[in-house]
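Report on one structure; see the data block that follows.
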Amino acid sequence: MLTIADVKQRQSLPLDAKIVMSKRRITEFYNQFDGKVYVSVSGLDSHVLLHLVRSMYPDVEGVNVTAMEDPTIIQSLK
């Protein structure tokens with residue numbers, strides 16, 4: 001479990017370090033589920049995650065579970 005101090009320390013890291021940590025976590029998750037994963041996309045943060053995931057695993061699908069999204073969001077998942 002992360003403490004508040006841990007979170008503040010991670011927030012203060014440079015962007016490159018945050019990307020390395022994120023990619024490490026993505027790899028762990030991808031491997032844990034034998035590549036049978038997808039990214040649920042609903043906004044900016046999840047679009048960034050989808051971009052990172054696809055930079056490593058291009059075949060991972062992006063999914064949106066609402067039918068009321070802007071068509072440009074739906075298009076970006078393809």
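All residue names refer to the structure tokens as shown: chains lettered A, B, ... in order, residues numbered from 1 in each chain, ligands numbered from 1 in order.
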Task: Sel. of strand (DSSP E) residues, chain A, as a PyMOL selection string - done: chain A and resi 38-40+61-63
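The coordinates place atom CA of A:Lys18 at 20.6 Å from atom CA of A:Ser40.
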For A:Val63: contacts at 7 Å, only C-alpha atoms, fewer than 2 positions along chain excluded, given as a PDB file with C-alpha atoms, in the first residue's frame:
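Contents of around-v3.pdb, freshly written:
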ATOM      1  CA  TYR A  38      -7.893  -4.416 -23.213  1.00  0.00           C
ATOM      2  CA  VAL A  39      -7.993  -0.755 -22.206  1.00  0.00           C
ATOM      3  CA  SER A  40     -11.286   0.825 -21.223  1.00  0.00           C
ATOM      4  CA  VAL A  41     -11.280   4.335 -22.669  1.00  0.00           C
ATOM      5  CA  GLU A  61      -7.884  -3.168 -28.106  1.00  0.00           C
ATOM      6  CA  VAL A  65     -18.779   0.890 -22.946  1.00  0.00           C
ATOM      7  CA  LEU A  77     -10.139   3.409 -30.603  1.00  0.00           C
TER       8      LEU A  77
END
TODO: Please run DSSP on the backbone and report, as a PyMOL selection string, all residues within chain A that come out as helix (DSSP H, G or I).
DONE: chain A and resi 4-11+15-32+44-56+71-76
TODO: Find the residues near stretch 19-31 of chain A: any atom within 12 Å, counting only C-alpha atoms, skip ones fewer than 3 places away on the same chain, and give them as a list in words.
DONE: Arg10, Gln11, Leu13, Pro14, Leu15, Asp16, Asp34, Gly35, Lys36, Val37, Tyr38, Val39, Val48, Leu49, Leu50, His51, Leu52, Val53, Arg54, Ser55, Met56, Tyr57, Asp59 and Val60 of chain A
- [ ] Tell me, in Å to one decimal, how far atom CA of A:Gly62 is from atom CA of A:Ser46.
- [x]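 Distance between the two atoms: 9.3 Å.
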